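Q: Can you keep this structure in mind? I'll have questions shortly.
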Amino acid sequence: MAEATGSPRAAIDALAPGMPHARFPPPTERPMLRSLYVKDFAIVGEADIAFGPGLTVVTGETGAGKSLLVDALLLLAGARADAGVVRAGCERAELAAEFDLADAPPALAWLRAEELDEGDACQLRRVIRSEGSSRAWINGRPVTLAQLDALSARLIEIHGQHEHQALLDRTRQLYLLDAFADHAELLGRVGALARQWCAIGQEMARLTGDADHGERLALLDHQLAELDRHALGSEQLAALDEAHRRLANAGQLLQGASGIAELLDGDSEFALRRSLARAHGELQRLGPLDPRLAPIAELLDAALIQLGEAGDQLARYQDSLELDPDRLAEVEAQLAKLHELARKHRVPMAELKGHAGTLRAEAERLRDAGSALERLGRQRDAVARDYAAAARELSTSRRAAAERLGTAVTALMGELGMAGGHFAVQLDANPRAEPDPQGDERCEFLVSANPGQPPRALRKVASGGELSRISLAIEVAALGLDDVPCMVFDEVDTGIGGGVAEVVGQKLRRLGNRRQVLCVTHLPQVAAQGHRHLCVSKSSDSGLTTTRIDALDAGARREELARMLGGIEITRESLAHARRMLERAQAG
């Protein structure tokens, strides 16, 4: 069924020519969800399912377990599990999914940030034991369910009769509205100005501090005066240590010097100078007898000279030494003060001078803080004015985009079997008074599924089938602007039939041209639109019920569609009808 000129897509083109749907590159042939493996899960013994790009439909008889695929993906996305999902008689259920992340930059970025990346491939795995416990892995590394949930939100979006839907999140709704309106550049400017405003505020808070400005400056001045009076440089500190050792040991030094002087040149006949003089005299007497003794005599002569100089210097040293208790007390008091300052400022004594420089720089900053705060205040006011102008522009564009999106989704809802229903985008003022990177409003998707009903928040819509179709309408209207590369629709066709079902199928196929789409359906009109077809069947053997999942070729697809059209008995007419449906879907 070709789309009429008055269709929602045409309405979007008329309201906003050149909107984002026109900017997408041709659909990739690389599926994002490559495979799903389940073992001992509910009534499935073991199944390994390969997926391709585009729209994959899942069909089967009622009760065969069509939605088990969705349930498995939900559990791999971090949903809570209980022992009931483990196949009867088995110890555990195993689930695993492999993804190709070539077209999923947000997921790749998250994996790198968590250090869980393995190139462009990703595997999610979860094991649920029969007693109810479970474990999860990403790329073979153990993770929490919160991590599993955070990653899956960037990989797969599930629409159906459950709460695990990104479109129910108000932050995601605002993101989708901004993507629909092509706000990337404007939103980037608003975000940059908000962050700049915040950074200036943080700098002002740092300058102001929690304590009173004047009190801190007064404390710094007191500390600096104390440090300037007592702190010493490394050379001065070394000299002070030397003086302290000398004064503290003056008595010992005097006594030792006196004893050394006595050894060198005392009254004793064993004094070095006397002994050396006698040896020198004896050499002079023997020298004429053997000339080889002359050099030795010269050495003793030099030794006598050096010994005399040593004695003279020792005498002067003795004269310089004195017992000075007052000076010793003064030096010890100075050292005690330095130890006290080192403890107070938590730095070694040798670093007190440098610490004083640090405090002096802080004091200068505080003295200049008044003018700096004034300057920063003017800068922040200017940024706030620029932010307000950019935020107003963003708000105006959002209001216009909200009307266009509401009109388009409302029209699609009529095509999807909810005639008289209404969709609107409500923009509420941001409760934060200061500039916000997301702008001055928050977004809420409102819907009225039936005529006369007041609009309610999308997250409060009760009917799973209606919610799925509304989600489909939003996704088709935005044509895959959501950055999640894989979408799953569970029983999106509940409560509809005939021509509406064919429209639903066409919209899903169209969405599949931009994203990988998986749809569980019970209507042949929807199933015929799939690029690929999976069939779920159930059998019993010896009282044990099992489910199998098969990928259908062209002939098997005709038979499955004929079964869906005519029941258990497949007739020539139902096969012909199925073939026409498939041909029409491929031609569309």
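Simple scheme: letters A, B, ... for chains in structure tokens order, numbers from 1 for residues in each chain, numbers from 1 for ligands in the order shown.
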Give me the residues within 9 Å of region 39-54 of chain A as number ranges by chain, counting only C-alpha atoms and dropping any in the same chain fewer than 5 places off.

A: A: 27-34, 65, 68, 72, 84-88, 90-95, 509-518, 530-532, 534, 538, 544-551

Q: Enumerate the residues of region 144-349 of chain A with a DSSP assignment of alpha helix (DSSP H), computed from the backbone, and present them as a ChimeraX atom specification.

A: /A:145-152,170-180,184-208,213-230,234-248,250-265,272-286,294-320,325-345

Q: Do you know which residues are at most 12 Å from Pro435 (chain A) counting only C-alpha atoms, after dropping those on the same chain fewer than 2 positions away, and could you put them as a ChimeraX atom specification?

A: /A:190-199,201,380-381,383-392,430-433,437-441

Q: List as a PyMOL selection string the protein and nucleic acid residues near Glu560 (chain A), meaning an atom at most 9 Å away when only C-alpha atoms are counted, but skip any in the same chain fewer than 5 places from it.

A: chain A and resi 59-60+524+535+552+555+565+578

Q: Which value, in Å to one decimal, gives the distance between CA of Ala400 (chain A) and CA of Met487 (chain A)?

A: 27.2 Å

Q: Might you pull out every residue within 8 Å of region 355-360 of chain A, with only C-alpha atoms counted and same-chain residues fewer than 2 positions away left off, and present them as a list in words?

A: Leu220, Leu224, Leu227, Asp228, Val347, Glu351, Leu352, Lys353, Glu362, Ala363 and Glu364 of chain A

Q: For a quick check of understanding, using only C-alpha atoms, which of A:His422, A:His345, A:Arg579, A:His339 has the smallest distance to Leu237 (chain A)?

A: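 Among A:His422, A:His345, A:Arg579, A:His339, it is A:His339 that comes nearest to Leu237 (chain A).
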
Q: In Å, with one decimal, what is the gap from CA of Gln252 (chain A) to CA of Leu272 (chain A)?

A: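 Between CA of Gln252 (chain A) and CA of Leu272 (chain A) the gap is 22.5 Å.
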
Q: Find the distance between CA of Leu338 (chain A) and CA of Leu232 (chain A) and write it in Å to one decimal.

A: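 Going from CA of Leu338 (chain A) over to CA of Leu232 (chain A), I get 8.6 Å.
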
Q: In region 23-205 of chain A, what's strand (DSSP E) per DSSP? Answer as a PyMOL selection string?

A: chain A and resi 33-41+44-50+55-60+92-100+121-129+134-138+141-143+156-159

Q: Of the candidates A:Arg112, A:Arg378, A:Arg170, A:Arg365, which shows the shortest atom-to-atom distance to Val425 (chain A), using only C-alpha atoms?

A: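 Ranking A:Arg112, A:Arg378, A:Arg170, A:Arg365 by distance to Val425 (chain A), first place goes to A:Arg170.
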
Q: Find the residue from A:Gly499, A:Gly421, A:Gly505, A:Gly281 that sits nearest to Arg456 (chain A); use only C-alpha atoms when measuring.

A: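 Ranking A:Gly499, A:Gly421, A:Gly505, A:Gly281 by distance to Arg456 (chain A), first place goes to A:Gly421.
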